[in-house]
file coords.cif (mmCIF, C-alpha atoms and all ligand atoms)
data_run
#
loop_
_atom_site.label_atom_id
_atom_site.label_comp_id
_atom_site.auth_asym_id
_atom_site.auth_seq_id
_atom_site.Cartn_x
_atom_site.Cartn_y
_atom_site.Cartn_z
CA MET L 1 0.00 0.00 0.00
CA SER L 2 1.50 3.35 -0.96
CA PRO L 3 2.03 5.89 1.81
CA ILE L 4 -0.16 8.94 2.26
CA ASN L 5 2.32 11.71 1.49
CA PRO L 6 2.60 15.38 2.46
CA GLY L 7 0.05 17.40 0.51
CA SER L 8 -2.68 14.88 1.43
CA THR L 9 -5.48 15.58 3.89
CA ILE L 10 -5.63 14.04 7.37
CA GLY L 11 -9.14 13.73 8.76
CA ILE L 12 -9.35 14.09 12.54
CA VAL L 13 -12.51 13.07 14.39
CA GLY L 14 -12.78 15.15 17.56
CA SER L 15 -11.63 18.72 18.03
CA GLY L 16 -9.85 18.95 21.41
CA GLN L 17 -6.23 19.73 22.24
CA LEU L 18 -4.99 16.33 21.06
CA GLY L 19 -6.44 17.10 17.63
CA ARG L 20 -4.95 20.59 17.73
CA MET L 21 -1.43 19.30 18.42
CA LEU L 22 -1.81 16.63 15.72
CA ALA L 23 -3.00 19.31 13.28
CA ALA L 24 0.05 21.45 14.08
CA ALA L 25 2.42 18.51 13.50
CA ALA L 26 0.63 17.59 10.24
CA GLN L 27 0.66 21.14 8.88
CA ARG L 28 4.34 21.53 9.67
CA MET L 29 4.92 18.52 7.46
CA GLY L 30 2.84 19.89 4.60
CA TYR L 31 -0.45 18.07 5.18
CA ARG L 32 -3.90 19.58 5.16
CA VAL L 33 -6.21 18.94 8.07
CA ALA L 34 -9.96 18.30 8.17
CA VAL L 35 -11.65 18.25 11.57
CA TYR L 36 -15.03 16.63 12.29
CA SER L 37 -16.77 17.45 15.56
CA PRO L 38 -20.16 18.57 16.86
CA GLU L 39 -18.47 21.60 18.45
CA SER L 40 -17.81 24.75 16.51
CA GLU L 41 -15.27 26.71 18.53
CA ALA L 42 -12.84 24.06 19.65
CA PRO L 43 -9.04 23.81 19.97
CA ALA L 44 -8.48 21.82 16.76
CA SER L 45 -11.07 23.68 14.68
CA ALA L 46 -9.05 26.90 14.91
CA LEU L 47 -6.17 25.24 13.05
CA ALA L 48 -8.12 23.09 10.60
CA ASP L 49 -8.05 23.73 6.86
CA TYR L 50 -11.55 22.23 6.64
CA ASN L 51 -14.09 22.11 9.45
CA TYR L 52 -17.09 19.80 9.61
CA VAL L 53 -19.32 20.89 12.48
CA ALA L 54 -22.02 18.24 12.69
CA PRO L 55 -23.33 15.50 14.97
CA TYR L 56 -21.64 12.09 14.92
CA GLU L 57 -24.92 10.71 13.59
CA SER L 58 -25.02 12.78 10.40
CA ARG L 59 -24.46 10.31 7.56
CA GLU L 60 -24.26 13.05 4.95
CA ASP L 61 -21.63 15.12 6.76
CA LEU L 62 -19.60 12.02 7.60
CA GLN L 63 -19.62 11.07 3.92
CA ASP L 64 -18.43 14.56 2.88
CA PHE L 65 -15.69 14.44 5.50
CA ALA L 66 -14.59 10.97 4.33
CA GLN L 67 -14.43 12.22 0.76
CA LYS L 68 -12.24 15.16 1.76
CA SER L 69 -9.82 12.98 3.81
CA ASP L 70 -7.10 10.63 2.56
CA VAL L 71 -6.97 8.91 5.96
CA VAL L 72 -8.99 9.39 9.13
CA THR L 73 -7.83 9.15 12.72
CA PHE L 74 -9.43 10.22 16.00
CA GLU L 75 -8.38 12.15 19.09
CA PHE L 76 -11.31 11.42 21.37
CA GLU L 77 -12.68 8.18 22.80
CA ASN L 78 -16.37 8.83 23.10
CA ILE L 79 -17.24 8.68 19.42
CA PRO L 80 -20.07 6.31 18.48
CA ARG L 81 -18.61 3.31 16.68
CA THR L 82 -21.26 3.66 13.96
CA ALA L 83 -19.65 6.96 12.85
CA LEU L 84 -16.24 5.33 12.39
CA ASP L 85 -17.78 2.29 10.68
CA LEU L 86 -19.48 4.58 8.20
CA LEU L 87 -16.23 6.46 7.54
CA SER L 88 -14.24 3.27 7.12
CA ALA L 89 -16.45 2.18 4.23
CA ALA L 90 -15.00 5.13 2.28
CA VAL L 91 -11.52 5.89 3.68
CA PRO L 92 -8.92 4.12 5.87
CA VAL L 93 -9.66 4.72 9.57
CA ARG L 94 -6.59 4.21 11.81
CA PRO L 95 -6.66 2.89 14.52
CA SER L 96 -9.62 0.75 13.50
CA PRO L 97 -13.19 1.29 14.76
CA GLU L 98 -12.73 -2.06 16.55
CA ALA L 99 -9.87 -0.64 18.66
CA LEU L 100 -11.91 2.41 19.64
CA TYR L 101 -14.88 0.19 20.48
CA THR L 102 -12.77 -2.09 22.69
CA PHE L 103 -11.29 0.69 24.81
CA GLN L 104 -14.23 3.08 25.07
CA HIS L 105 -16.01 0.77 27.48
CA ARG L 106 -14.29 -0.31 30.71
CA LEU L 107 -15.82 -3.75 30.88
CA ARG L 108 -15.05 -4.63 27.26
CA GLU L 109 -11.56 -3.25 27.81
CA LYS L 110 -10.94 -5.34 30.92
CA LEU L 111 -12.32 -8.53 29.39
CA PHE L 112 -10.08 -8.00 26.37
CA LEU L 113 -6.97 -7.36 28.50
CA LYS L 114 -7.76 -10.40 30.62
CA SER L 115 -8.14 -12.54 27.50
CA LEU L 116 -4.54 -11.58 26.61
CA GLY L 117 -3.40 -12.87 30.00
CA LEU L 118 -2.20 -9.43 31.15
CA ALA L 119 -2.03 -8.55 34.84
CA LEU L 120 -4.77 -6.13 35.91
CA PRO L 121 -6.65 -5.28 39.10
CA ARG L 122 -9.36 -7.81 40.04
CA PHE L 123 -12.73 -6.64 38.77
CA ALA L 124 -16.40 -7.58 38.47
CA GLU L 125 -19.35 -6.37 36.44
CA VAL L 126 -22.03 -4.71 38.57
CA ALA L 127 -25.44 -3.27 37.67
CA ASN L 128 -27.36 -3.17 40.96
CA ARG L 129 -26.99 -3.15 44.74
CA ASP L 130 -27.06 -6.93 45.16
CA GLN L 131 -24.40 -7.46 42.53
CA LEU L 132 -22.30 -4.77 44.19
CA LEU L 133 -22.51 -6.50 47.58
CA ALA L 134 -21.62 -9.86 46.03
CA ALA L 135 -18.69 -8.32 44.14
CA LEU L 136 -17.45 -6.54 47.27
CA LYS L 137 -17.38 -9.87 49.11
CA GLU L 138 -15.28 -11.37 46.36
CA ILE L 139 -12.92 -8.44 45.73
CA GLY L 140 -12.81 -6.99 49.24
CA ALA L 141 -12.80 -3.39 50.46
CA PRO L 142 -11.57 -0.83 49.70
CA ALA L 143 -12.63 -0.96 46.07
CA VAL L 144 -13.47 1.50 43.31
CA LEU L 145 -16.75 1.49 41.43
CA LYS L 146 -16.50 3.00 37.95
CA THR L 147 -19.04 3.58 35.19
CA ALA L 148 -18.29 1.24 32.31
CA GLY L 149 -18.84 3.77 29.55
CA PHE L 150 -18.04 7.40 28.89
CA GLY L 151 -16.04 8.25 32.03
CA TYR L 152 -12.79 10.19 32.16
CA ASP L 153 -10.53 11.99 34.66
CA GLY L 154 -12.14 10.12 37.55
CA LYS L 155 -15.69 11.16 36.60
CA GLY L 156 -18.26 8.52 37.55
CA GLN L 157 -15.98 6.87 40.15
CA TYR L 158 -16.84 5.98 43.74
CA LYS L 159 -14.41 4.71 46.33
CA ILE L 160 -16.06 2.09 48.51
CA LYS L 161 -14.50 1.50 51.89
CA SER L 162 -17.27 -0.46 53.56
CA LEU L 163 -20.66 -2.13 53.10
CA GLN L 164 -22.27 1.09 54.37
CA ASP L 165 -20.64 3.03 51.51
CA ALA L 166 -22.10 0.50 49.11
CA ASP L 167 -25.54 0.90 50.63
CA SER L 168 -25.44 4.69 50.38
CA LEU L 169 -25.12 4.55 46.58
CA LYS L 170 -28.83 4.56 45.82
CA GLU L 171 -29.21 6.98 42.91
CA ILE L 172 -26.68 5.38 40.62
CA TRP L 173 -28.64 2.23 39.73
CA ASN L 174 -30.30 3.37 36.53
CA GLY L 175 -29.65 0.48 34.16
CA GLN L 176 -26.02 1.50 33.58
CA THR L 177 -23.23 -1.05 33.81
CA TYR L 178 -20.45 -0.45 36.33
CA VAL L 179 -17.15 -2.17 37.04
CA LEU L 180 -16.04 -2.78 40.61
CA GLU L 181 -12.29 -2.80 40.84
CA GLU L 182 -9.89 -3.79 43.57
CA PHE L 183 -8.23 -0.69 45.11
CA VAL L 184 -4.57 -0.96 44.22
CA ASP L 185 -2.03 0.17 46.79
CA PHE L 186 0.34 1.29 44.06
CA GLU L 187 3.69 2.98 44.53
CA ARG L 188 3.31 5.11 41.44
CA GLU L 189 1.38 5.50 38.22
CA VAL L 190 3.19 5.19 34.91
CA SER L 191 2.17 5.13 31.27
CA MET L 192 3.60 3.97 27.99
CA VAL L 193 2.82 5.91 24.84
CA ALA L 194 3.55 3.75 21.82
CA ALA L 195 2.97 3.54 18.11
CA ARG L 196 2.56 0.78 15.58
CA GLY L 197 3.00 1.35 11.88
CA LEU L 198 1.10 -0.13 8.97
CA LYS L 199 3.69 -2.89 8.56
CA GLY L 200 3.68 -3.76 12.25
CA GLU L 201 6.73 -1.68 13.26
CA PHE L 202 6.53 -0.87 16.98
CA ALA L 203 8.04 2.11 18.80
CA HIS L 204 7.54 3.35 22.36
CA TYR L 205 8.61 6.29 24.54
CA GLY L 206 9.63 4.34 27.64
CA LEU L 207 7.75 4.71 30.90
CA ILE L 208 6.46 8.14 31.83
CA GLU L 209 5.67 8.77 35.50
CA ASN L 210 2.32 10.44 36.22
CA HIS L 211 1.13 12.34 39.29
CA HIS L 212 -2.57 13.06 39.70
CA THR L 213 -4.49 15.54 41.82
CA SER L 214 -8.23 14.93 42.28
CA HIS L 215 -8.07 12.20 39.60
CA ILE L 216 -6.72 14.63 36.98
CA LEU L 217 -3.17 14.42 35.67
CA ASP L 218 -1.12 17.12 37.39
CA TYR L 219 2.38 16.51 36.06
CA SER L 220 4.44 13.88 34.22
CA LEU L 221 8.15 13.04 34.23
CA ALA L 222 10.24 11.26 31.63
CA GLY L 223 13.78 10.49 30.72
CA ALA L 224 15.56 7.84 28.74
CA HIS L 225 16.49 5.74 31.76
CA LEU L 226 13.48 6.18 34.01
CA HIS L 227 12.20 2.78 35.29
CA GLU L 228 14.29 0.91 32.73
CA GLN L 229 13.56 -2.62 34.02
CA ALA L 230 9.83 -2.08 34.34
CA ALA L 231 9.80 -0.41 30.92
CA LYS L 232 10.81 -3.73 29.35
CA GLN L 233 7.84 -5.45 30.98
CA ALA L 234 5.55 -2.57 29.96
CA ALA L 235 6.75 -2.65 26.36
CA LYS L 236 5.98 -6.37 26.11
CA MET L 237 2.46 -5.84 27.45
CA THR L 238 1.86 -2.76 25.33
CA ARG L 239 3.03 -4.48 22.17
CA ALA L 240 0.76 -7.46 22.87
CA ILE L 241 -2.22 -5.09 23.12
CA PHE L 242 -1.37 -3.35 19.82
CA GLU L 243 -0.81 -6.66 18.03
CA ALA L 244 -3.96 -8.37 19.27
CA LEU L 245 -6.04 -5.66 17.60
CA ASN L 246 -3.66 -5.02 14.70
CA VAL L 247 -3.56 -1.37 15.75
CA CYS L 248 -2.08 1.19 13.37
CA GLY L 249 -1.55 4.49 15.20
CA VAL L 250 -0.64 5.79 18.64
CA MET L 251 -2.16 4.57 21.92
CA CYS L 252 -1.25 4.88 25.57
CA VAL L 253 -1.34 2.16 28.21
CA GLU L 254 -1.65 3.35 31.82
CA PHE L 255 -0.23 1.14 34.56
CA PHE L 256 -0.16 0.94 38.34
CA MET L 257 3.35 0.11 39.56
CA ARG L 258 3.54 -1.79 42.83
CA LYS L 259 6.36 -1.52 45.36
CA ASP L 260 8.08 -4.59 43.93
CA GLY L 261 8.14 -2.92 40.48
CA THR L 262 5.49 -5.18 38.94
CA LEU L 263 2.85 -3.59 36.74
CA LEU L 264 -0.94 -3.87 36.49
CA VAL L 265 -2.72 -2.43 33.47
CA ASN L 266 -5.13 0.32 34.54
CA GLU L 267 -6.51 1.36 31.20
CA VAL L 268 -5.76 1.94 27.54
CA ALA L 269 -6.38 5.20 25.69
CA PRO L 270 -6.73 4.45 21.96
CA ARG L 271 -5.15 7.79 21.02
CA THR L 272 -2.34 10.15 21.96
CA HIS L 273 -2.19 10.96 25.66
CA ASN L 274 -1.66 13.87 28.05
CA SER L 275 1.39 12.11 29.53
CA GLY L 276 2.98 12.14 26.06
CA HIS L 277 2.82 15.90 25.60
CA LEU L 278 6.39 16.25 26.82
CA THR L 279 7.56 14.29 23.75
CA ILE L 280 7.02 17.50 21.71
CA GLU L 281 10.14 19.06 23.21
CA ALA L 282 11.90 16.04 24.73
CA CYS L 283 11.96 13.54 21.86
CA VAL L 284 13.26 13.44 18.31
CA THR L 285 9.71 12.62 17.15
CA SER L 286 6.68 13.78 19.14
CA GLN L 287 3.71 11.51 19.82
CA PHE L 288 1.71 13.65 17.37
CA GLU L 289 4.17 13.37 14.51
CA GLN L 290 4.37 9.66 15.29
CA GLN L 291 0.58 9.34 15.05
CA LEU L 292 0.71 11.09 11.68
CA ARG L 293 3.53 8.87 10.43
CA ALA L 294 1.78 5.70 11.59
CA VAL L 295 -1.63 6.43 10.10
CA CYS L 296 -0.03 7.62 6.83
CA GLY L 297 1.95 4.39 6.44
CA LEU L 298 5.27 6.23 6.73
CA PRO L 299 8.34 5.00 8.65
CA MET L 300 8.19 5.43 12.45
CA GLY L 301 10.31 8.29 13.77
CA SER L 302 12.93 7.95 16.50
CA THR L 303 11.47 7.97 20.01
CA SER L 304 14.86 8.87 21.54
CA TYR L 305 14.90 11.49 24.27
CA VAL L 306 17.15 14.48 23.62
CA SER L 307 16.73 15.32 27.31
CA SER L 308 14.84 14.37 30.46
CA ALA L 309 11.63 16.35 30.78
CA ALA L 310 8.62 17.23 32.88
CA MET L 311 5.20 18.46 31.85
CA ALA L 312 2.69 20.21 34.11
CA ASN L 313 -0.94 20.77 33.17
CA LEU L 314 -2.51 24.21 33.37
CA LEU L 315 -6.09 23.74 34.57
CA GLY L 316 -8.85 26.34 34.48
CA ASP L 317 -8.46 26.73 38.26
CA LEU L 318 -5.37 28.85 37.52
CA TRP L 319 -7.55 31.54 35.95
CA GLU L 320 -9.00 32.33 39.40
CA PRO L 321 -9.06 34.63 41.32
CA GLN L 322 -7.00 36.66 38.80
CA PRO L 323 -5.91 35.88 35.24
CA PRO L 324 -2.57 34.03 35.14
CA ARG L 325 0.62 36.14 35.02
CA TRP L 326 2.08 34.87 31.74
CA ASP L 327 4.90 37.41 31.96
CA ARG L 328 6.03 35.83 35.23
CA LEU L 329 5.76 32.29 33.88
CA LEU L 330 7.82 33.16 30.85
CA GLU L 331 10.72 34.32 32.99
CA HIS L 332 11.22 30.58 33.48
CA ASN L 333 12.74 28.25 30.95
CA VAL L 334 9.61 26.36 29.92
CA ALA L 335 7.68 25.79 26.70
CA LEU L 336 4.12 27.10 26.98
CA HIS L 337 1.23 25.41 25.17
CA LEU L 338 -2.26 26.92 25.36
CA TYR L 339 -5.13 25.22 23.60
CA GLY L 340 -7.17 28.29 22.68
CA LYS L 341 -10.16 27.44 24.89
CA SER L 342 -12.21 30.54 25.61
CA ALA L 343 -13.86 29.61 28.92
CA ALA L 344 -11.63 28.58 31.82
CA ARG L 345 -13.54 26.20 34.10
CA LYS L 346 -12.35 24.40 37.22
CA GLY L 347 -10.62 21.16 36.23
CA ARG L 348 -10.63 22.02 32.51
CA LYS L 349 -7.32 21.41 30.72
CA MET L 350 -6.42 24.82 29.25
CA GLY L 351 -2.78 24.17 28.40
CA HIS L 352 0.49 22.73 29.67
CA ILE L 353 4.14 23.64 30.15
CA THR L 354 7.21 21.52 29.55
CA ALA L 355 10.73 21.86 30.89
CA LEU L 356 13.86 20.00 29.83
CA ALA L 357 16.67 19.25 32.29
CA GLY L 358 19.53 16.87 32.96
CA ASP L 359 17.28 14.60 35.05
CA PRO L 360 13.51 14.19 35.47
CA HIS L 361 13.48 15.57 39.00
CA SER L 362 15.18 18.85 38.08
CA ALA L 363 12.72 19.14 35.21
CA ARG L 364 9.91 18.63 37.71
CA GLU L 365 11.24 21.44 39.91
CA ALA L 366 11.37 23.69 36.85
CA VAL L 367 7.73 23.17 35.77
CA ILE L 368 6.35 23.33 39.29
CA SER L 369 8.14 26.60 40.10
CA ALA L 370 7.21 28.08 36.70
CA ARG L 371 3.57 27.20 37.26
CA SER L 372 3.51 28.70 40.73
CA ALA L 373 4.82 31.97 39.21
CA LEU L 374 1.43 32.33 37.47
CA HIS L 375 0.11 33.56 40.84
CA PRO L 376 3.01 35.26 42.59
P1 LIG S 401 -9.02 6.04 35.75
O1 LIG S 401 -9.97 7.01 35.09
O2 LIG S 401 -9.56 4.68 35.86
O3 LIG S 401 -7.64 6.08 35.15
O4 LIG S 401 -8.86 6.59 37.25
C1 LIG S 401 -8.34 7.87 37.54
C2 LIG S 401 -7.36 7.79 38.70
O5 LIG S 401 -8.00 7.27 39.88
C3 LIG S 401 -6.18 6.85 38.44
O6 LIG S 401 -5.19 7.49 37.68
C4 LIG S 401 -5.77 6.55 39.88
O7 LIG S 401 -5.03 7.62 40.44
C5 LIG S 401 -7.08 6.43 40.62
N1 LIG S 401 -7.56 5.02 40.57
C6 LIG S 401 -8.37 4.50 39.63
N2 LIG S 401 -8.58 3.19 39.83
C7 LIG S 401 -7.89 2.86 40.94
C8 LIG S 401 -7.70 1.62 41.66
N3 LIG S 401 -8.30 0.48 41.28
N4 LIG S 401 -6.90 1.64 42.74
C9 LIG S 401 -6.30 2.80 43.14
N5 LIG S 401 -6.45 3.99 42.50
C10 LIG S 401 -7.23 4.03 41.42
#
call {"tool": "encode", "arguments": {"input": "coords.cif", "output": "structure tokens", "more": "lines below"}}
Ligand code: AMP
result
Amino acid sequence: MSPINPGSTIGIVGSGQLGRMLAAAAQRMGYRVAVYSPESEAPASALADYNYVAPYESREDLQDFAQKSDVVTFEFENIPRTALDLLSAAVPVRPSPEALYTFQHRLREKLFLKSLGLALPRFAEVANRDQLLAALKEIGAPAVLKTAGFGYDGKGQYKIKSLQDADSLKEIWNGQTYVLEEFVDFEREVSMVAARGLKGEFAHYGLIENHHTSHILDYSLAGAHLHEQAAKQAAKMTRAIFEALNVCGVMCVEFFMRKDGTLLVNEVAPRTHNSGHLTIEACVTSQFEQQLRAVCGLPMGSTSYVSSAAMANLLGDLWEPQPPRWDRLLEHNVALHLYGKSAARKGRKMGHITALAGDPHSAREAVISARSALHP
């Protein structure tokens, strides 16, 4: 199959910051970008050469978008599979609709990972109070109850410490499926962003360490030699996931790392990932350029780190009580990325900053002190 070369049009489904950073990488390399999303003023739309603002159910708009695009990829998980199926009748969709479908639903995801024999937290399907009590007996407390579909950044999650906690959850039983998961006493959270090309070539960015606040990623650290032993184990697991679904594109596997260094798979994002943003400055090829290369059938780029790095998110909270002091931030040696979102809301990802340094911990100090300069 011949590669999709510069000058062609990349179709992106979804219009958030991941789409925006992909669009920037694609345009730098001479591609045109078409964005399909129900939202009109969104981060990726501002950069797109062609915008399709329409619901995911609009057959006609999807067909127009497919006709405009030489290949389609996505930047957002919660897209109805039917939309991607319709697109894939007319244009290559990478990763496949099947991959999106597998990972957009926690229970399907866990059953799939289990079928590959990968280590993951113990879990059970739960749809009512009785099933929850039975599952709690089996899994033990504490445990975490999560909605099976359409949850992100800890939304739709309940920590259950006792039978009383379980009993107090009355309003949530509305026919939805949930997954009860063992609470993992992890030492740290890590992720592996990786790519697989059209011919099966596999490349990964090593393990990136992630620190969350209120279930939202706060900052990430990376460097060529961070968690080297565990990275080998992670790469094996990650590759197995990509191969089982014949994935072409970029995905991210999130892991819990226990004290003994062993890894449990937490979840898989079938797209580029927040923890991989630091690859823009820290690596020879960013996760976004890699996504482009993979879905276009081009050779994978080098994932080598030119430096250790840290990335800190800028949430909407930073816009209160006063607007951020960008002049103060920029006295620090960091790369600023803002996604062009107009309304800053609490917990909303507005941008991020990245710092490079000789080691991940110095890079961490640099982003944390730069961020705190926003409110001197
Ligand atoms: P998730 O959306 O499933 O990635 O959950 C968001 C965050 O909640 C994770 O990054 C963890 O910090 C925490 N968390 C989720 N599941 C568990 C678990 N089973 N045990 C401990 N912490 C968890």
call {"tool": "closest_atom_pairs", "arguments": {"input": "coords.cif", "of": "chain L", "to": "ligand LIG 401 (chain S)", "cutoff": "10 Å", "atoms": "only C-alpha atoms and all ligand atoms", "output": "JSON lines"}}
result
{"residue": "L:Arg106", "atom": "CA", "partner": "S:LIG401", "partner_atom": "O2", "distance": 8.6}
{"residue": "L:Leu120", "atom": "CA", "partner": "S:LIG401", "partner_atom": "N3", "distance": 9.2}
{"residue": "L:Pro121", "atom": "CA", "partner": "S:LIG401", "partner_atom": "N3", "distance": 6.4}
{"residue": "L:Arg122", "atom": "CA", "partner": "S:LIG401", "partner_atom": "N3", "distance": 8.4}
{"residue": "L:Phe123", "atom": "CA", "partner": "S:LIG401", "partner_atom": "N3", "distance": 8.8}
{"residue": "L:Pro142", "atom": "CA", "partner": "S:LIG401", "partner_atom": "N4", "distance": 8.7}
{"residue": "L:Ala143", "atom": "CA", "partner": "S:LIG401", "partner_atom": "N3", "distance": 6.6}
{"residue": "L:Val144", "atom": "CA", "partner": "S:LIG401", "partner_atom": "N3", "distance": 5.6}
{"residue": "L:Leu145", "atom": "CA", "partner": "S:LIG401", "partner_atom": "N2", "distance": 8.5}
{"residue": "L:Lys146", "atom": "CA", "partner": "S:LIG401", "partner_atom": "O2", "distance": 7.4}
{"residue": "L:Thr147", "atom": "CA", "partner": "S:LIG401", "partner_atom": "O2", "distance": 9.6}
{"residue": "L:Gly151", "atom": "CA", "partner": "S:LIG401", "partner_atom": "O1", "distance": 6.9}
{"residue": "L:Tyr152", "atom": "CA", "partner": "S:LIG401", "partner_atom": "O1", "distance": 5.2}
{"residue": "L:Asp153", "atom": "CA", "partner": "S:LIG401", "partner_atom": "O1", "distance": 5.0}
{"residue": "L:Gly154", "atom": "CA", "partner": "S:LIG401", "partner_atom": "C1", "distance": 4.4}
{"residue": "L:Lys155", "atom": "CA", "partner": "S:LIG401", "partner_atom": "O1", "distance": 7.2}
{"residue": "L:Gly156", "atom": "CA", "partner": "S:LIG401", "partner_atom": "O1", "distance": 8.8}
{"residue": "L:Gln157", "atom": "CA", "partner": "S:LIG401", "partner_atom": "O4", "distance": 7.7}
{"residue": "L:Tyr158", "atom": "CA", "partner": "S:LIG401", "partner_atom": "C6", "distance": 9.5}
{"residue": "L:Lys159", "atom": "CA", "partner": "S:LIG401", "partner_atom": "C7", "distance": 8.7}
{"residue": "L:Leu180", "atom": "CA", "partner": "S:LIG401", "partner_atom": "N3", "distance": 8.4}
{"residue": "L:Glu181", "atom": "CA", "partner": "S:LIG401", "partner_atom": "N3", "distance": 5.2}
{"residue": "L:Glu182", "atom": "CA", "partner": "S:LIG401", "partner_atom": "N3", "distance": 5.1}
{"residue": "L:Phe183", "atom": "CA", "partner": "S:LIG401", "partner_atom": "N4", "distance": 3.6}
{"residue": "L:Val184", "atom": "CA", "partner": "S:LIG401", "partner_atom": "N4", "distance": 3.8}
{"residue": "L:Asp185", "atom": "CA", "partner": "S:LIG401", "partner_atom": "C9", "distance": 6.2}
{"residue": "L:Phe186", "atom": "CA", "partner": "S:LIG401", "partner_atom": "C9", "distance": 6.9}
{"residue": "L:Arg188", "atom": "CA", "partner": "S:LIG401", "partner_atom": "O7", "distance": 8.8}
{"residue": "L:Glu189", "atom": "CA", "partner": "S:LIG401", "partner_atom": "O6", "distance": 6.9}
{"residue": "L:Val190", "atom": "CA", "partner": "S:LIG401", "partner_atom": "O6", "distance": 9.1}
{"residue": "L:Asn210", "atom": "CA", "partner": "S:LIG401", "partner_atom": "O6", "distance": 8.2}
{"residue": "L:His211", "atom": "CA", "partner": "S:LIG401", "partner_atom": "O7", "distance": 7.8}
{"residue": "L:His212", "atom": "CA", "partner": "S:LIG401", "partner_atom": "O7", "distance": 6.0}
{"residue": "L:Thr213", "atom": "CA", "partner": "S:LIG401", "partner_atom": "O7", "distance": 8.1}
{"residue": "L:Ser214", "atom": "CA", "partner": "S:LIG401", "partner_atom": "O5", "distance": 8.0}
{"residue": "L:His215", "atom": "CA", "partner": "S:LIG401", "partner_atom": "C2", "distance": 4.6}
{"residue": "L:Ile216", "atom": "CA", "partner": "S:LIG401", "partner_atom": "C1", "distance": 7.0}
{"residue": "L:Leu217", "atom": "CA", "partner": "S:LIG401", "partner_atom": "O6", "distance": 7.5}
{"residue": "L:Glu254", "atom": "CA", "partner": "S:LIG401", "partner_atom": "O3", "distance": 7.4}
{"residue": "L:Phe255", "atom": "CA", "partner": "S:LIG401", "partner_atom": "O6", "distance": 8.6}
{"residue": "L:Phe256", "atom": "CA", "partner": "S:LIG401", "partner_atom": "C9", "distance": 8.0}
{"residue": "L:Leu264", "atom": "CA", "partner": "S:LIG401", "partner_atom": "N3", "distance": 9.8}
{"residue": "L:Val265", "atom": "CA", "partner": "S:LIG401", "partner_atom": "O3", "distance": 10.0}
{"residue": "L:Asn266", "atom": "CA", "partner": "S:LIG401", "partner_atom": "O3", "distance": 6.3}
{"residue": "L:Glu267", "atom": "CA", "partner": "S:LIG401", "partner_atom": "O3", "distance": 6.3}
{"residue": "L:Val268", "atom": "CA", "partner": "S:LIG401", "partner_atom": "O3", "distance": 8.9}
{"residue": "L:Ala269", "atom": "CA", "partner": "S:LIG401", "partner_atom": "O3", "distance": 9.6}
call {"tool": "axis_aligned_box", "arguments": {"input": "coords.cif", "around": "region 165-183 of chain L", "padding_each_side": "8 Å", "output": "JSON"}}
result
{"center_x": -19.3, "center_y": 1.6, "center_z": 42.5, "size_x": 38.1, "size_y": 26.8, "size_z": 33.9}
call {"tool": "residues_around", "arguments": {"input": "coords.cif", "residues": "Ala195 (chain L)", "least_positions_apart": "4", "cutoff": "8 Å", "atoms": "all atoms listed in the file", "output": "list in words"}}
result
Phe202, Ala203, His204, Cys248, Gly249, Val250, Met251, Gln290, Gln291, Ala294 and Met300 of chain L
call {"tool": "residues_around", "arguments": {"input": "coords.cif", "residues": "Phe103 (chain L)", "least_positions_apart": "5", "cutoff": "9 Å", "atoms": "all atoms listed in the file", "output": "list in words"}}
result
Glu77, Glu98, Arg108, Glu109, Lys110, Phe112, Glu267, Val268, Ala269 and Pro270 of chain L
call {"tool": "residues_around", "arguments": {"input": "coords.cif", "residues": "region 319-324 of chain L", "least_positions_apart": "6", "cutoff": "7 Å", "atoms": "all atoms listed in the file", "output": "PyMOL selection string"}}
result
chain L and resi 344+374-375
call {"tool": "closest_residue", "arguments": {"input": "coords.cif", "among": "L:Leu163, L:Leu111, L:Ala148, L:Ile79", "to": "Arg129 (chain L)", "atoms": "only C-alpha atoms"}}
result
L:Leu163
call {"tool": "closest_residue", "arguments": {"input": "coords.cif", "among": "L:Thr73, L:Ser15, L:Asn274, L:Ser220", "to": "Tyr52 (chain L)", "atoms": "only C-alpha atoms"}}
result
L:Ser15
call {"tool": "atom_distance", "arguments": {"input": "coords.cif", "atom1": "CA of Ser37 (chain L)", "atom2": "CA of Pro55 (chain L)"}}
result
6.9 Å
call {"tool": "residues_around", "arguments": {"input": "coords.cif", "residues": "Gln27 (chain L)", "least_positions_apart": "3", "cutoff": "10 Å", "atoms": "all atoms listed in the file", "output": "compact mmCIF listing (two decimals) with C-alpha atoms, in the coordinates of the input"}}
result
# COMPACT_ATOMS: atom_id res chain seq x y z
CA PRO L 6 2.60 15.38 2.46
CA GLY L 7 0.05 17.40 0.51
CA THR L 9 -5.48 15.58 3.89
CA ILE L 10 -5.63 14.04 7.37
CA MET L 21 -1.43 19.30 18.42
CA LEU L 22 -1.81 16.63 15.72
CA ALA L 23 -3.00 19.31 13.28
CA ALA L 24 0.05 21.45 14.08
CA GLY L 30 2.84 19.89 4.60
CA TYR L 31 -0.45 18.07 5.18
CA ARG L 32 -3.90 19.58 5.16
CA VAL L 33 -6.21 18.94 8.07
CA LEU L 47 -6.17 25.24 13.05
CA ALA L 48 -8.12 23.09 10.60
CA ASP L 49 -8.05 23.73 6.86
call {"tool": "residues_around", "arguments": {"input": "coords.cif", "residues": "Arg293 (chain L)", "least_positions_apart": "3", "cutoff": "10 Å", "atoms": "only C-alpha atoms", "output": "MDAnalysis selection string"}}
result
chainID L and resid 3:5 26 195:198 248:250 285 287:290 296:301
call {"tool": "closest_residue", "arguments": {"input": "coords.cif", "among": "L:Ala83, L:Ala44, L:Ala54, L:Ala135", "to": "Leu338 (chain L)", "atoms": "all atoms listed in the file"}}
result
L:Ala44
